[in-house]
$ cat structure.tsv   # TSV, C-alpha atoms
chain	number	residue	atom	x	y	z
L	140	MET	CA	-239.60	131.40	81.27
L	141	LYS	CA	-236.71	129.21	80.21
L	142	LEU	CA	-236.88	125.61	81.37
L	143	GLY	CA	-233.31	125.68	82.62
L	144	THR	CA	-233.69	128.79	84.79
L	145	LYS	CA	-232.60	128.38	88.39
L	146	ILE	CA	-235.56	129.12	90.67
L	147	GLU	CA	-235.53	129.27	94.45
L	148	PHE	CA	-238.24	127.80	96.67
L	149	LYS	CA	-238.89	127.67	100.42
L	150	PRO	CA	-236.71	125.29	102.53
L	151	LYS	CA	-239.84	123.97	104.29
L	152	GLN	CA	-241.35	122.91	100.97
L	153	LYS	CA	-238.14	121.13	100.01
L	154	PHE	CA	-238.04	119.31	103.37
L	155	MET	CA	-241.65	118.10	103.00
L	156	ARG	CA	-240.93	116.89	99.45
L	157	THR	CA	-237.88	114.96	100.68
L	158	LEU	CA	-239.88	113.45	103.54
L	159	MET	CA	-242.62	112.31	101.15
L	160	VAL	CA	-240.16	110.57	98.82
L	161	ALA	CA	-238.44	108.93	101.80
L	162	LYS	CA	-241.77	107.56	103.06
L	163	PHE	CA	-242.71	106.07	99.68
L	164	THR	CA	-239.25	104.57	99.26
L	165	SER	CA	-239.34	103.02	102.75
L	166	LEU	CA	-242.77	101.51	102.08
L	167	PHE	CA	-241.70	99.88	98.79
L	168	LEU	CA	-238.46	98.60	100.30
L	169	LEU	CA	-240.48	97.02	103.11
L	170	VAL	CA	-242.78	95.30	100.63
L	171	MET	CA	-239.81	94.09	98.58
L	172	THR	CA	-238.07	92.71	101.67
L	173	PHE	CA	-241.18	90.77	102.68
L	174	THR	CA	-241.63	89.40	99.15
L	175	THR	CA	-237.98	88.36	98.95
L	176	ASN	CA	-238.07	86.52	102.27
L	177	LEU	CA	-241.29	84.74	101.28
L	178	ALA	CA	-239.80	83.69	97.93
L	179	TRP	CA	-236.60	82.36	99.50
L	180	SER	CA	-238.61	80.37	102.07
L	181	GLN	CA	-240.41	78.55	99.23
L	182	GLU	CA	-237.39	77.95	97.01
L	183	THR	CA	-237.40	74.18	97.67
L	184	GLU	CA	-240.72	73.69	95.89
L	185	PRO	CA	-240.36	71.67	92.67
L	186	GLN	CA	-239.68	73.65	89.47
L	187	LYS	CA	-239.51	77.00	91.28
L	188	ARG	CA	-236.38	79.14	91.46
L	189	VAL	CA	-235.43	82.48	92.97
L	190	TYR	CA	-232.31	84.33	91.86
L	191	THR	CA	-230.92	87.81	91.28
L	192	THR	CA	-229.39	89.43	88.20
L	193	THR	CA	-227.23	92.56	88.09
L	194	GLY	CA	-226.14	94.71	85.18
L	195	GLY	CA	-226.29	98.00	83.30
L	196	GLU	CA	-228.42	99.73	80.68
L	197	LEU	CA	-227.61	101.86	77.60
L	198	ILE	CA	-230.49	104.29	76.96
L	199	LEU	CA	-231.60	106.10	73.79
L	200	SER	CA	-234.40	108.49	74.77
L	201	TRP	CA	-236.78	111.01	73.17
L	202	ALA	CA	-239.94	112.78	74.37
L	203	ASP	CA	-243.36	113.71	73.07
L	204	ALA	CA	-243.07	117.40	74.04
L	205	LYS	CA	-245.34	120.42	73.61
L	206	ASP	CA	-244.77	123.99	74.76
L	207	ASN	CA	-247.99	126.04	74.85
L	208	GLY	CA	-249.50	123.58	72.41
L	209	ALA	CA	-246.62	123.83	69.92
L	210	ASP	CA	-244.74	120.64	69.05
L	211	ALA	CA	-241.10	120.70	70.07
L	212	ASP	CA	-238.22	118.80	68.48
L	213	THR	CA	-236.54	116.35	70.85
L	214	PRO	CA	-233.25	115.08	69.40
L	215	LEU	CA	-231.94	111.68	70.38
L	216	ARG	CA	-230.32	111.55	73.83
L	217	PHE	CA	-227.76	108.82	74.60
L	218	ALA	CA	-227.29	107.96	78.28
L	219	PRO	CA	-224.75	105.17	78.83
L	220	PHE	CA	-223.71	106.02	82.39
L	221	LEU	CA	-225.13	105.54	85.87
L	222	ASN	CA	-227.80	103.11	84.76
L	223	PHE	CA	-227.75	100.22	87.23
L	224	GLN	CA	-230.20	97.33	87.45
L	225	SER	CA	-230.58	94.75	90.21
L	226	GLN	CA	-233.46	92.35	89.61
L	227	LEU	CA	-235.02	89.66	91.79
L	228	HIS	CA	-236.47	86.85	89.64
L	229	ARG	CA	-239.03	84.21	90.53
L	230	ASP	CA	-239.40	81.39	87.98
L	231	MET	CA	-242.63	79.49	88.51
L	232	ASN	CA	-241.61	76.88	85.91
L	233	ASP	CA	-239.52	76.65	82.73
L	234	LYS	CA	-241.93	78.91	80.78
L	235	LEU	CA	-243.27	81.49	83.26
L	236	GLY	CA	-241.72	83.87	85.77
L	237	PHE	CA	-241.79	87.28	87.42
L	238	PHE	CA	-239.26	89.85	88.51
L	239	THR	CA	-238.96	92.99	90.59
L	240	GLY	CA	-235.87	94.87	91.80
L	241	LEU	CA	-234.18	98.21	92.30
L	242	ASN	CA	-232.86	100.39	89.46
L	243	ILE	CA	-230.81	103.59	89.32
L	244	ARG	CA	-231.50	105.38	86.04
L	245	ASN	CA	-230.29	108.45	84.13
L	246	LEU	CA	-233.58	109.67	82.67
L	247	GLY	CA	-233.97	112.75	80.49
L	248	PHE	CA	-234.44	114.36	77.09
L	249	ILE	CA	-233.20	117.17	74.85
L	250	TYR	CA	-235.65	119.88	73.81
L	251	ASP	CA	-235.40	122.58	71.13
L	252	ASP	CA	-237.49	125.66	71.93
L	253	PRO	CA	-240.21	126.05	69.23
L	254	VAL	CA	-240.26	129.85	69.68
L	255	GLU	CA	-236.77	130.97	70.67
L	256	VAL	CA	-234.51	130.19	67.73
L	257	ASN	CA	-231.23	128.31	68.41
L	258	THR	CA	-232.22	127.65	72.03
L	259	ARG	CA	-231.87	124.12	73.37
L	260	TYR	CA	-232.57	122.63	76.80
L	261	LYS	CA	-231.19	119.43	78.30
L	262	LEU	CA	-233.20	118.08	81.21
L	263	ARG	CA	-232.39	114.99	83.21
L	264	THR	CA	-233.04	113.41	86.57
L	265	TYR	CA	-231.52	110.41	88.34
L	266	THR	CA	-234.28	108.11	89.56
L	267	LEU	CA	-234.70	105.15	91.90
L	268	GLY	CA	-237.00	102.63	90.22
L	269	ILE	CA	-238.99	99.62	91.41
L	270	PRO	CA	-240.31	97.43	88.55
L	271	LEU	CA	-242.84	94.62	88.58
L	272	ALA	CA	-242.93	92.41	85.48
L	273	ILE	CA	-244.06	89.09	84.06
L	274	LYS	CA	-241.90	87.04	81.67
L	275	VAL	CA	-242.92	84.26	79.28
L	276	GLY	CA	-240.73	81.95	77.23
L	277	SER	CA	-237.65	79.92	78.05
L	278	MET	CA	-236.47	81.00	81.51
L	279	GLN	CA	-233.00	79.67	80.69
L	280	GLY	CA	-232.91	81.05	77.15
L	281	THR	CA	-235.02	83.62	75.31
L	282	PHE	CA	-238.16	85.14	76.81
L	283	VAL	CA	-240.36	88.23	76.46
L	284	PHE	CA	-241.34	90.41	79.40
L	285	ALA	CA	-243.67	93.31	80.18
L	286	GLY	CA	-244.36	95.33	83.28
L	287	TYR	CA	-244.94	98.51	85.24
L	288	GLU	CA	-242.41	100.63	87.14
L	289	LEU	CA	-242.48	103.33	89.79
L	290	GLU	CA	-239.53	105.73	89.83
L	291	PHE	CA	-238.62	108.33	92.45
L	292	PRO	CA	-236.69	111.38	91.15
L	293	LEU	CA	-233.51	112.00	93.13
L	294	ASN	CA	-231.42	114.68	91.44
L	295	PHE	CA	-232.70	117.06	88.75
L	296	LYS	CA	-230.42	118.98	86.37
L	297	ALA	CA	-231.26	121.48	83.62
L	298	LYS	CA	-228.95	123.11	81.08
L	299	THR	CA	-229.72	125.89	78.61
L	300	PHE	CA	-227.76	126.35	75.36
L	301	VAL	CA	-228.04	129.35	73.03
L	302	ASN	CA	-226.26	129.10	69.66
L	303	GLU	CA	-224.57	125.95	71.04
L	304	ASP	CA	-223.02	127.90	73.96
L	305	LYS	CA	-224.04	126.91	77.50
L	306	GLU	CA	-225.91	129.83	78.99
L	307	SER	CA	-227.05	128.37	82.34
L	308	LYS	CA	-227.06	125.24	84.46
L	309	SER	CA	-228.95	124.28	87.61
L	310	SER	CA	-229.09	121.16	89.76
L	311	ASP	CA	-230.91	120.23	92.95
L	312	TRP	CA	-231.85	117.17	95.00
L	313	PHE	CA	-235.50	116.11	95.44
L	314	SER	CA	-236.50	119.01	93.25
L	315	GLN	CA	-240.04	120.37	93.26
L	316	ARG	CA	-239.70	120.85	89.52
L	317	THR	CA	-240.34	117.14	88.99
L	318	PRO	CA	-243.28	114.99	90.16
L	319	GLY	CA	-242.75	112.96	93.33
L	320	ILE	CA	-243.22	109.72	91.37
L	321	TYR	CA	-242.89	108.73	87.72
L	322	GLN	CA	-245.04	105.89	86.36
L	323	SER	CA	-244.17	103.92	83.25
L	324	LEU	CA	-244.90	100.78	81.23
L	325	PHE	CA	-242.23	98.68	79.54
L	326	ALA	CA	-241.82	95.60	77.36
L	327	GLY	CA	-238.87	93.78	75.89
L	328	VAL	CA	-237.08	90.57	75.08
L	329	GLN	CA	-234.14	88.85	76.73
L	330	GLY	CA	-231.86	86.51	74.86
L	331	PRO	CA	-229.17	84.13	76.04
L	332	TYR	CA	-226.29	85.47	78.13
L	333	GLY	CA	-228.49	88.11	79.80
L	334	LEU	CA	-228.81	90.49	76.81
L	335	GLN	CA	-232.03	92.56	76.89
L	336	VAL	CA	-233.70	94.98	74.47
L	337	LYS	CA	-236.45	97.08	76.06
L	338	PHE	CA	-238.96	99.80	75.13
L	339	LYS	CA	-240.35	102.05	77.86
L	340	TYR	CA	-242.96	104.82	77.97
L	341	TYR	CA	-243.55	107.29	80.82
L	342	PHE	CA	-247.16	108.45	81.12
L	343	THR	CA	-246.22	110.88	83.92
L	344	ASN	CA	-245.25	114.36	82.75
L	345	PHE	CA	-241.49	114.87	83.16
L	346	VAL	CA	-241.87	118.22	84.98
L	347	GLU	CA	-244.34	119.34	87.62
L	348	LYS	CA	-246.92	121.57	85.93
L	349	ASP	CA	-248.22	122.94	89.25
L	350	TYR	CA	-244.75	123.98	90.42
L	351	ALA	CA	-244.95	127.51	91.82
L	352	ALA	CA	-241.88	129.70	92.25
L	353	ASN	CA	-240.77	133.24	92.93
L	354	ASP	CA	-239.31	135.03	89.94
L	355	GLY	CA	-237.00	137.12	92.15
L	356	ASN	CA	-239.22	140.18	92.03
L	357	GLY	CA	-241.81	138.94	94.50
L	358	ASN	CA	-244.10	137.49	91.84
L	359	THR	CA	-245.40	133.90	91.83
L	360	ILE	CA	-244.98	132.14	88.51
L	361	TYR	CA	-245.71	128.67	87.11
L	362	PRO	CA	-242.86	128.04	84.64
L	363	TYR	CA	-244.04	124.56	83.53
L	364	GLN	CA	-247.78	125.15	83.52
L	365	ASN	CA	-248.10	124.87	79.72
L	366	PHE	CA	-245.30	122.39	79.12
L	367	ASP	CA	-245.95	118.68	78.45
L	368	ALA	CA	-243.25	116.05	77.99
L	369	ASN	CA	-243.69	112.28	78.07
L	370	VAL	CA	-240.36	110.48	77.79
L	371	PHE	CA	-239.91	107.17	76.00
L	372	TYR	CA	-236.78	105.19	75.30
L	373	ILE	CA	-235.20	102.11	73.79
L	374	SER	CA	-232.43	100.48	75.77
L	375	LEU	CA	-229.87	97.73	75.51
L	376	SER	CA	-229.27	95.99	78.83
L	377	PHE	CA	-226.57	93.62	79.97
L	378	GLN	CA	-227.31	91.29	82.87
L	379	LEU	CA	-223.68	90.61	83.82
L	380	PHE	CA	-224.21	88.62	87.00
L	381	LYS	CA	-226.67	85.91	87.96
L	382	ASP	CA	-226.52	85.57	91.73
L	383	ALA	CA	-222.78	85.75	92.49
L	384	SER	CA	-221.57	84.30	89.17
L	385	PHE	CA	-221.16	85.72	85.67
L	386	TYR	CA	-224.45	85.31	83.84
L	387	TYR	CA	-223.01	83.48	80.82
L	388	ASN	CA	-221.57	80.67	82.97
L	389	GLU	CA	-224.95	78.96	82.97
L	390	PHE	CA	-225.18	78.63	79.17
$ encode --input "structure.tsv" --output "structure tokens"
Amino acid sequence: MKLGTKIEFKPKQKFMRTLMVAKFTSLFLLVMTFTTNLAWSQETEPQKRVYTTTGGELILSWADAKDNGADADTPLRFAPFLNFQSQLHRDMNDKLGFFTGLNIRNLGFIYDDPVEVNTRYKLRTYTLGIPLAIKVGSMQGTFVFAGYELEFPLNFKAKTFVNEDKESKSSDWFSQRTPGIYQSLFAGVQGPYGLQVKFKYYFTNFVEKDYAANDGNGNTIYPYQNFDANVFYISLSFQLFKDASFYYNEF
């Protein structure tokens, strides 16, 4: 079964998947709203600051992928578009702080079939992410950070290429072909003027291994049952705004 094949599933299953994602998203937004209000209410405490940053992210991604136990080549994927970051920062003092936020991310990888010669797949999903991180260093200069992020897949797309010609393409919202939630760990460094370099690793499999579908002939199949892919990436981020002003105005 090709990874890019368009497969139909029951409308009821799709509705329940959408409802589940909506519930998780609503819960995290509620927690974030409460945390934000609490932080703003304490902003007058000495040496404590709350502020937001906004910017983009340029992503270079790969994957540790195996198909039926065989290693698969995953060429570099460059994703410069539709990567949006809005972060809420809490600086406890000049050397220690935390941040959370909301991110829209273009996450995916390219995969060369280890069996079918000259066959390539391009898989991607847009995600809504909620990070939680600690940062140490100079809060007004250079600091290192590390954290954990939950991401909710929104729109999944798969393309199949044979001999460099596009053979098929499929796209669907809240797809059952991806897990309901991705989990990842990240670490990086931020320099002056809001420039960030970050490494991130997803320990959730990119596709849903238990996904069951109908092959069109009345048979139930599991197209991703023996496929493993853990995405990782390096990114260059630009925090363009700090609150309502350009980030570099402060330096």
$ closest_atom_pairs --input "structure.tsv" --of "region 200-272 of chain L" --to "region 360-366 of chain L" --cutoff "8 Å" --atoms "all atoms listed in the file" --output "tab-separated table"
residue	atom	partner	partner_atom	distance
L:Ala204	CA	L:Phe366	CA	7.5
L:Lys205	CA	L:Phe366	CA	5.9
L:Asp206	CA	L:Phe366	CA	4.7
L:Asn207	CA	L:Asn365	CA	5.0
L:Gly208	CA	L:Asn365	CA	7.6
$ closest_residue --input "structure.tsv" --among "L:Ala285, L:Ile243, L:Ile269, L:Val370" --to "Leu227 (chain L)" --atoms "only C-alpha atoms"
L:Ile269
$ residues_around --input "structure.tsv" --residues "Asp251 (chain L)" --least-positions-apart "3" --cutoff "7 Å" --atoms "only C-alpha atoms" --output "PyMOL selection string"
chain L and resi 211-213+258-260
$ residues_around --input "structure.tsv" --residues "Gln226 (chain L)" --least-positions-apart "6" --cutoff "6 Å" --atoms "all atoms listed in the file" --output "PyMOL selection string"
chain L and resi 191-192+239-240
$ residues_around --input "structure.tsv" --residues "Ala202 (chain L)" --least-positions-apart "4" --cutoff "10 Å" --atoms "all atoms listed in the file" --output "short mmCIF file (atom, residue, chain, number, x, y, z; two decimals) with C-alpha atoms, keeping the file's coordinate frame"
data_model
loop_
_atom_site.label_atom_id
_atom_site.label_comp_id
_atom_site.auth_asym_id
_atom_site.auth_seq_id
_atom_site.Cartn_x
_atom_site.Cartn_y
_atom_site.Cartn_z
CA ALA L 211 -241.10 120.70 70.07
CA ASP L 212 -238.22 118.80 68.48
CA THR L 213 -236.54 116.35 70.85
CA PRO L 214 -233.25 115.08 69.40
CA LEU L 215 -231.94 111.68 70.38
CA ARG L 216 -230.32 111.55 73.83
CA GLY L 247 -233.97 112.75 80.49
CA PHE L 248 -234.44 114.36 77.09
CA ILE L 249 -233.20 117.17 74.85
CA TYR L 250 -235.65 119.88 73.81
CA TYR L 340 -242.96 104.82 77.97
CA TYR L 341 -243.55 107.29 80.82
CA PHE L 345 -241.49 114.87 83.16
CA ASP L 367 -245.95 118.68 78.45
CA ALA L 368 -243.25 116.05 77.99
CA ASN L 369 -243.69 112.28 78.07
CA VAL L 370 -240.36 110.48 77.79
CA PHE L 371 -239.91 107.17 76.00
CA TYR L 372 -236.78 105.19 75.30
#
$ decode --input "structure.tsv" --residues "region 323-337 of chain L" --atoms "all heavy atoms" --output "PDB file, in the first residue's frame"
ATOM      1  N   SER L 323       6.624  16.176  21.553  1.00  0.00           N
ATOM      2  CA  SER L 323       8.004  16.422  21.135  1.00  0.00           C
ATOM      3  C   SER L 323       8.784  17.111  22.238  1.00  0.00           C
ATOM      4  O   SER L 323       8.213  17.705  23.166  1.00  0.00           O
ATOM      5  CB  SER L 323       8.030  17.292  19.873  1.00  0.00           C
ATOM      6  OG  SER L 323       7.445  18.562  20.127  1.00  0.00           O
ATOM      7  N   LEU L 324      10.120  17.033  22.130  1.00  0.00           N
ATOM      8  CA  LEU L 324      11.043  17.743  23.004  1.00  0.00           C
ATOM      9  C   LEU L 324      11.897  18.663  22.132  1.00  0.00           C
ATOM     10  O   LEU L 324      12.223  18.324  20.995  1.00  0.00           O
ATOM     11  CB  LEU L 324      11.943  16.770  23.764  1.00  0.00           C
ATOM     12  CG  LEU L 324      11.244  15.803  24.721  1.00  0.00           C
ATOM     13  CD1 LEU L 324      12.266  14.800  25.285  1.00  0.00           C
ATOM     14  CD2 LEU L 324      10.566  16.550  25.861  1.00  0.00           C
ATOM     15  N   PHE L 325      12.253  19.819  22.665  1.00  0.00           N
ATOM     16  CA  PHE L 325      13.060  20.756  21.891  1.00  0.00           C
ATOM     17  C   PHE L 325      14.047  21.479  22.793  1.00  0.00           C
ATOM     18  O   PHE L 325      13.871  21.555  24.015  1.00  0.00           O
ATOM     19  CB  PHE L 325      12.166  21.769  21.162  1.00  0.00           C
ATOM     20  CG  PHE L 325      11.327  22.637  22.062  1.00  0.00           C
ATOM     21  CD1 PHE L 325      11.811  23.840  22.566  1.00  0.00           C
ATOM     22  CD2 PHE L 325      10.030  22.258  22.396  1.00  0.00           C
ATOM     23  CE1 PHE L 325      11.033  24.642  23.385  1.00  0.00           C
ATOM     24  CE2 PHE L 325       9.241  23.050  23.211  1.00  0.00           C
ATOM     25  CZ  PHE L 325       9.741  24.244  23.716  1.00  0.00           C
ATOM     26  N   ALA L 326      15.096  22.009  22.167  1.00  0.00           N
ATOM     27  CA  ALA L 326      16.105  22.799  22.861  1.00  0.00           C
ATOM     28  C   ALA L 326      16.727  23.753  21.864  1.00  0.00           C
ATOM     29  O   ALA L 326      16.754  23.489  20.652  1.00  0.00           O
ATOM     30  CB  ALA L 326      17.174  21.905  23.485  1.00  0.00           C
ATOM     31  N   GLY L 327      17.210  24.883  22.361  1.00  0.00           N
ATOM     32  CA  GLY L 327      17.802  25.851  21.448  1.00  0.00           C
ATOM     33  C   GLY L 327      18.453  27.004  22.165  1.00  0.00           C
ATOM     34  O   GLY L 327      18.593  26.999  23.398  1.00  0.00           O
ATOM     35  N   VAL L 328      18.847  27.981  21.395  1.00  0.00           N
ATOM     36  CA  VAL L 328      19.476  29.184  21.926  1.00  0.00           C
ATOM     37  C   VAL L 328      18.889  30.402  21.225  1.00  0.00           C
ATOM     38  O   VAL L 328      18.602  30.354  20.025  1.00  0.00           O
ATOM     39  CB  VAL L 328      21.017  29.136  21.742  1.00  0.00           C
ATOM     40  CG1 VAL L 328      21.396  28.986  20.266  1.00  0.00           C
ATOM     41  CG2 VAL L 328      21.680  30.361  22.348  1.00  0.00           C
ATOM     42  N   GLN L 329      18.679  31.457  21.989  1.00  0.00           N
ATOM     43  CA  GLN L 329      18.217  32.719  21.415  1.00  0.00           C
ATOM     44  C   GLN L 329      19.258  33.795  21.651  1.00  0.00           C
ATOM     45  O   GLN L 329      19.752  33.962  22.771  1.00  0.00           O
ATOM     46  CB  GLN L 329      16.887  33.163  22.020  1.00  0.00           C
ATOM     47  CG  GLN L 329      16.442  34.538  21.500  1.00  0.00           C
ATOM     48  CD  GLN L 329      15.015  34.873  21.845  1.00  0.00           C
ATOM     49  OE1 GLN L 329      14.114  34.065  21.692  1.00  0.00           O
ATOM     50  NE2 GLN L 329      14.794  36.104  22.316  1.00  0.00           N
ATOM     51  N   GLY L 330      19.593  34.502  20.589  1.00  0.00           N
ATOM     52  CA  GLY L 330      20.539  35.602  20.679  1.00  0.00           C
ATOM     53  C   GLY L 330      19.829  36.939  20.707  1.00  0.00           C
ATOM     54  O   GLY L 330      18.592  37.007  20.742  1.00  0.00           O
ATOM     55  N   PRO L 331      20.575  38.008  20.666  1.00  0.00           N
ATOM     56  CA  PRO L 331      19.967  39.336  20.615  1.00  0.00           C
ATOM     57  C   PRO L 331      19.085  39.500  19.368  1.00  0.00           C
ATOM     58  O   PRO L 331      19.236  38.786  18.377  1.00  0.00           O
ATOM     59  CB  PRO L 331      21.182  40.275  20.566  1.00  0.00           C
ATOM     60  CG  PRO L 331      22.296  39.481  21.154  1.00  0.00           C
ATOM     61  CD  PRO L 331      22.042  38.065  20.737  1.00  0.00           C
ATOM     62  N   TYR L 332      18.163  40.429  19.458  1.00  0.00           N
ATOM     63  CA  TYR L 332      17.266  40.766  18.352  1.00  0.00           C
ATOM     64  C   TYR L 332      16.260  39.650  18.028  1.00  0.00           C
ATOM     65  O   TYR L 332      15.703  39.604  16.943  1.00  0.00           O
ATOM     66  CB  TYR L 332      18.039  41.162  17.089  1.00  0.00           C
ATOM     67  CG  TYR L 332      19.107  42.192  17.336  1.00  0.00           C
ATOM     68  CD1 TYR L 332      20.452  41.835  17.322  1.00  0.00           C
ATOM     69  CD2 TYR L 332      18.771  43.512  17.617  1.00  0.00           C
ATOM     70  CE1 TYR L 332      21.437  42.778  17.573  1.00  0.00           C
ATOM     71  CE2 TYR L 332      19.748  44.461  17.873  1.00  0.00           C
ATOM     72  CZ  TYR L 332      21.072  44.098  17.848  1.00  0.00           C
ATOM     73  OH  TYR L 332      22.052  45.026  18.113  1.00  0.00           O
ATOM     74  N   GLY L 333      16.062  38.712  18.957  1.00  0.00           N
ATOM     75  CA  GLY L 333      15.033  37.700  18.786  1.00  0.00           C
ATOM     76  C   GLY L 333      15.368  36.572  17.839  1.00  0.00           C
ATOM     77  O   GLY L 333      14.474  35.853  17.395  1.00  0.00           O
ATOM     78  N   LEU L 334      16.642  36.354  17.509  1.00  0.00           N
ATOM     79  CA  LEU L 334      17.043  35.275  16.605  1.00  0.00           C
ATOM     80  C   LEU L 334      17.210  33.974  17.385  1.00  0.00           C
ATOM     81  O   LEU L 334      17.944  33.920  18.365  1.00  0.00           O
ATOM     82  CB  LEU L 334      18.349  35.642  15.902  1.00  0.00           C
ATOM     83  CG  LEU L 334      18.909  34.603  14.930  1.00  0.00           C
ATOM     84  CD1 LEU L 334      17.966  34.416  13.741  1.00  0.00           C
ATOM     85  CD2 LEU L 334      20.292  35.021  14.447  1.00  0.00           C
ATOM     86  N   GLN L 335      16.537  32.907  16.946  1.00  0.00           N
ATOM     87  CA  GLN L 335      16.593  31.619  17.627  1.00  0.00           C
ATOM     88  C   GLN L 335      17.071  30.512  16.690  1.00  0.00           C
ATOM     89  O   GLN L 335      16.705  30.486  15.522  1.00  0.00           O
ATOM     90  CB  GLN L 335      15.209  31.206  18.156  1.00  0.00           C
ATOM     91  CG  GLN L 335      14.686  31.990  19.328  1.00  0.00           C
ATOM     92  CD  GLN L 335      13.351  31.435  19.820  1.00  0.00           C
ATOM     93  OE1 GLN L 335      12.784  30.515  19.229  1.00  0.00           O
ATOM     94  NE2 GLN L 335      12.850  31.999  20.907  1.00  0.00           N
ATOM     95  N   VAL L 336      17.856  29.575  17.237  1.00  0.00           N
ATOM     96  CA  VAL L 336      18.197  28.328  16.560  1.00  0.00           C
ATOM     97  C   VAL L 336      17.688  27.200  17.459  1.00  0.00           C
ATOM     98  O   VAL L 336      17.983  27.182  18.661  1.00  0.00           O
ATOM     99  CB  VAL L 336      19.708  28.187  16.322  1.00  0.00           C
ATOM    100  CG1 VAL L 336      20.021  26.843  15.669  1.00  0.00           C
ATOM    101  CG2 VAL L 336      20.207  29.329  15.436  1.00  0.00           C
ATOM    102  N   LYS L 337      16.935  26.260  16.880  1.00  0.00           N
ATOM    103  CA  LYS L 337      16.267  25.245  17.693  1.00  0.00           C
ATOM    104  C   LYS L 337      16.386  23.866  17.060  1.00  0.00           C
ATOM    105  O   LYS L 337      16.336  23.722  15.842  1.00  0.00           O
ATOM    106  CB  LYS L 337      14.786  25.617  17.852  1.00  0.00           C
ATOM    107  CG  LYS L 337      13.962  24.618  18.650  1.00  0.00           C
ATOM    108  CD  LYS L 337      12.565  25.154  18.937  1.00  0.00           C
ATOM    109  CE  LYS L 337      11.761  25.374  17.688  1.00  0.00           C
ATOM    110  NZ  LYS L 337      10.405  25.873  17.967  1.00  0.00           N
TER     111      LYS L 337
END
